[in-house]
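One structure is given here, and the rest of the page talks about it.
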Amino acid sequence: MKHPLATKLGDLEKLLAGFPRLMVAYSGGVDSSLLLAVAGRVLGENVLGVIADSPSLPRASLAMALTQARNLGLTVEVLATSEFEDPRYAANPPDRCYFCKSELFLRMDRLARERGYPVLAYGENADDPPAQRPGSLAAGQFAIRAPLREAGLGKADVREIARTLGLESADLPAQPCLSSRIPHGTRVTPGAVSLIERGEEALRDMGFRILRVRLVNAEPPWALVQVAPEETEALLARRMEVLQRLKGAGFASVEIDPAGYRGTGLL
């Protein structure tokens, strides 16, 4: 009797095998990485990964995603997106992600028509609640497929299969875009996300793994620093260094959250 996970992987492979050519929205996160990797195994040269590049994507994340794809022998193209030029996105409403995903899917749709890719897909999994995800609404409007969800693969399944396949992203912490560090209603600008990126890179250079630098106030820039609860004691012990590094990155004021990042973990 097959292991249920093997059955789900088989279902995913059968689903993908039914696509003549496939374009995948790839971010370097575990979901889209697994989707692209399995699609590459099934479809070979008939699959193309596309990664959206904008100020909200950290340069280190872009480099890591491209390196992983290259190591897997997968073709990925960088597609510049312009959501920051959309005043609806810049206003940072609760459904900001809808405008970001709409921009990506619009550009993917145009590229797919030019290149002859009849099917577009992205890495939503079976545990992602579509009704609560603005990106899912955008995907529906552009008829973007979600093969992981269609094959019944939840987050734990995705991570386990990714480990089996040796994907570098298998155990990466969830990493939403830099704009997610800005409170709704506070304008999203390239300068703000660049500031956040510098702050988070400074903390990673100190050895912290799961972290957020949140922009509490834009002018003057005020940061709330969060790391995983198990790392918080070490962060507090190095408080003066943290303050020095964050102020060096451009923050005028820095606060450390003693409770830690409450969304911590690999999900």
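Going by the structure tokens order, chains are called A, B, ..., each with residues numbered from 1, while ligands are numbered from 1 in the order shown.
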- Query: What lies within 10 Å of Met23 of chain A using only C-alpha atoms, ignoring chain neighbours under 3 positions off, as a VMD selection string?
  - Reply: chain A and resid 26 36 39 46 to 50 76 108 to 109 111 to 112 115 to 122 144
- Message: When you look at Phe99 of chain A with a cut-off of 8 Å (counting only C-alpha atoms), what residues show up, excluding the ones that are within fewer than 4 positions of it in the same chain? I need them as number ranges by chain.
- Response: A: 83, 86, 88-89, 95, 103, 138
- Give me every strand (DSSP E or B) residue in segment 49-193 of chain A, going by DSSP on the backbone, as a PyMOL selection string. chain A and resi 49-53+76-80+119-121+145
- Task: Would you mind telling me which residue in A:Ala65, A:Ala228, A:Ala202, A:Ala90 lies nearest to Pro258 of chain A when using only C-alpha atoms?
- Result: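 Using only C-alpha atoms, Pro258 of chain A sits closest to A:Ala228.
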Return as a tab-separated table the residues of segment 77-154 of chain A lying at most 12 Å from segment 159-166 of chain A, together with the closest atom-to-atom pair for each and the distance in Å to one decimal, counting only C-alpha atoms, with rows in chain order and ascending residue number.
```
residue	atom	partner	partner_atom	distance
A:Asn125	CA	A:Arg159	CA	11.0
A:Leu148	CA	A:Ile161	CA	11.6
A:Leu153	CA	A:Ile161	CA	9.7
A:Gly154	CA	A:Arg159	CA	8.8
```
Can those selected residues be exported to a file as a PDB file, in the first residue's frame so that it contains N, CA and C atoms?
```pdb
ATOM      1  N   ASN A 125      -1.100  26.162  -1.454  1.00  0.00           N
ATOM      2  CA  ASN A 125      -1.272  24.778  -1.029  1.00  0.00           C
ATOM      3  C   ASN A 125      -2.639  24.562  -0.385  1.00  0.00           C
ATOM      4  N   LEU A 148      -0.668  22.376  -6.239  1.00  0.00           N
ATOM      5  CA  LEU A 148      -0.450  21.807  -4.910  1.00  0.00           C
ATOM      6  C   LEU A 148      -1.778  21.637  -4.186  1.00  0.00           C
ATOM      7  N   LEU A 153      -2.115  18.733  -1.361  1.00  0.00           N
ATOM      8  CA  LEU A 153      -0.881  18.850  -0.588  1.00  0.00           C
ATOM      9  C   LEU A 153      -0.953  20.043   0.363  1.00  0.00           C
ATOM     10  N   GLY A 154      -0.910  19.763   1.672  1.00  0.00           N
ATOM     11  CA  GLY A 154      -0.862  20.811   2.680  1.00  0.00           C
ATOM     12  C   GLY A 154       0.575  21.225   2.947  1.00  0.00           C
TER      13      GLY A 154
END
```
Within 12 Å of Thr7 of chain A, counting only C-alpha atoms, which residues qualify if same-chain residues fewer than 5 places away don't, as a CSV table (one decimal) with C-alpha atoms, in the first residue's frame?
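What follows is the written file out.csv:
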```
chain,number,residue,atom,x,y,z
A,1,MET,CA,0.0,0.0,0.0
A,2,LYS,CA,1.4,3.4,-1.0
A,12,LEU,CA,0.5,16.1,-8.4
A,13,GLU,CA,2.7,14.5,-11.1
A,14,LYS,CA,-0.3,13.2,-13.0
A,151,ALA,CA,-3.5,17.6,-5.5
A,152,GLY,CA,-4.4,17.9,-1.8
A,153,LEU,CA,-0.9,18.9,-0.6
A,157,ASP,CA,3.2,17.6,2.9
A,161,ILE,CA,8.4,16.2,-0.1
```
- Nearest to Glu241 of chain A: which of A:Ala143, A:Leu62, A:Leu16, A:Met206 is it, counting only C-alpha atoms? A:Met206
- Task: Once DSSP has gone over the backbone, tell me which residues of segment 96-138 of chain A are in helix (DSSP H, G or I), as a ChimeraX atom specification.
- Result: /A:96-115,130-132,134-138
- Contacts of Leu167 of chain A within 12 Å, only C-alpha atoms, excl. fewer than 6 positions in-chain, as JSON, numbers by chain: {"A": [28, 29, 30, 31, 32, 33, 34, 35, 36, 37, 38, 64, 65, 67, 68, 69, 70, 71, 72, 158, 159, 160, 161]}
- Item | Contact residues around Asp53 of chain A with only C-alpha atoms at 6 Å, ignoring same-chain residues under 4 positions, as a PyMOL selection string | chain A and resi 79-81
Using only C-alpha atoms, which residues sit within 8 Å of Ile196 of chain A once same-chain residues fewer than 2 positions away are excluded, as a PDB file with C-alpha atoms, in the first residue's frame?
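This went into result.pdb:
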```
ATOM      1  CA  LEU A 178       9.066  43.475   2.940  1.00  0.00           C
ATOM      2  CA  ARG A 181       6.366  44.952   7.785  1.00  0.00           C
ATOM      3  CA  ALA A 192      10.659  52.377   3.399  1.00  0.00           C
ATOM      4  CA  VAL A 193      11.141  48.782   2.251  1.00  0.00           C
ATOM      5  CA  SER A 194      14.821  49.449   1.539  1.00  0.00           C
ATOM      6  CA  ARG A 198      18.868  46.942   5.629  1.00  0.00           C
ATOM      7  CA  GLY A 199      17.612  46.446   9.171  1.00  0.00           C
ATOM      8  CA  GLU A 200      16.764  42.781   8.671  1.00  0.00           C
ATOM      9  CA  VAL A 213      11.880  44.558  11.523  1.00  0.00           C
ATOM     10  CA  ARG A 214       8.540  46.344  11.555  1.00  0.00           C
ATOM     11  CA  LEU A 215       8.118  49.995  10.667  1.00  0.00           C
TER      12      LEU A 215
END
```
- If you count only C-alpha atoms, which residues fall within 10 Å of Ala17 of chain A, apart from same-chain ones fewer than 5 positions away, as a list in words? Asp11, Leu12, Leu22, Ala39, Arg41, Val42 and Leu43 of chain A
Selected residues, C-alpha atoms, written as a PDB file, in the first residue's frame, please.
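selection.pdb was written with the following content:
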```
ATOM      1  CA  ASP A  11      -1.482  12.921  -8.008  1.00  0.00           C
ATOM      2  CA  LEU A  12       0.535  16.119  -8.421  1.00  0.00           C
ATOM      3  CA  LEU A  22       3.518  25.449 -17.919  1.00  0.00           C
ATOM      4  CA  ALA A  39       6.986  20.368 -12.819  1.00  0.00           C
ATOM      5  CA  ARG A  41      10.832  16.606 -13.445  1.00  0.00           C
ATOM      6  CA  VAL A  42       7.567  15.936 -15.255  1.00  0.00           C
ATOM      7  CA  LEU A  43       7.610  18.470 -18.091  1.00  0.00           C
TER       8      LEU A  43
END
```
- For Thr75 of chain A, the nearest of the candidates A:Gly40, A:Pro55, A:Pro4, A:Pro94, counting only C-alpha atoms: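 Closest to Thr75 of chain A of all the choices is A:Gly40.
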- Query: From the list A:Asn217, A:Gly260, A:Arg145, A:Phe105, which residue is nearest Glu124 of chain A when using only C-alpha atoms?
  - Reply: A:Arg145
